[in-house]
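Trainee: Before I ask anything, here is the structure I am working with.
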Amino acid sequence: MNPTAPWRLWARLPLWQQILIGLTLGVITGIVFKQDVLVLAPIAALFLNAIKMLIVPLVFASLVAGRAAPNSAVSVSRPSPSTWSPPPSR
């Protein structure tokens with residue numbers, strides 16, 4: 001059997017199924033191991049900090065790119081009130 005076969009099967013699953021499987025495995029792990037799972041707390045903290053470290057720059061970059069896209073680069077230095085207000089409801 002090819003050692004990469006399970007990963008190929010995993011990669012073919014839709015994202016919603018991968019998320020549901022991961023969520024189910026996390027719940028089962030928590031139920032089975034109870035307080036012993038606290039050993040993994042530092043790893044969880046590292047993972048969450050890495051996510052935060054990625055999200056903030058991505059949101060900032062998307063705001064700047066979205067503001068700069070319709071006009072020239074000069075418009076980035078002059079944000080208008082419409083940049084920060086929510087879009088009108090339809």
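Within each chain, counting starts at residue 1; across the structure tokens, chains are named A, B, ... in the order shown, with ligands numbered 1 upward in that order.
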Compile the contact shell of Trp10 in chain A as a PyMOL selection string: residues with an atom at most 12 Å away, counting only C-alpha atoms, same-chain residues fewer than 5 positions apart removed.
Mentor: chain A and resi 4-5+15-19+21-22
Trainee: Per residue of range 1-45 of chain A within 10 Å of range 49-61 of chain A, what are the shortest atom pair and its distance in Å to one decimal, counting only C-alpha atoms, with rows by chain and residue number, as a tab-separated table?
Mentor:
```
residue	atom	partner	partner_atom	distance
A:Ile43	CA	A:Asn49	CA	9.9
A:Ala44	CA	A:Asn49	CA	8.6
A:Ala45	CA	A:Asn49	CA	6.1
```
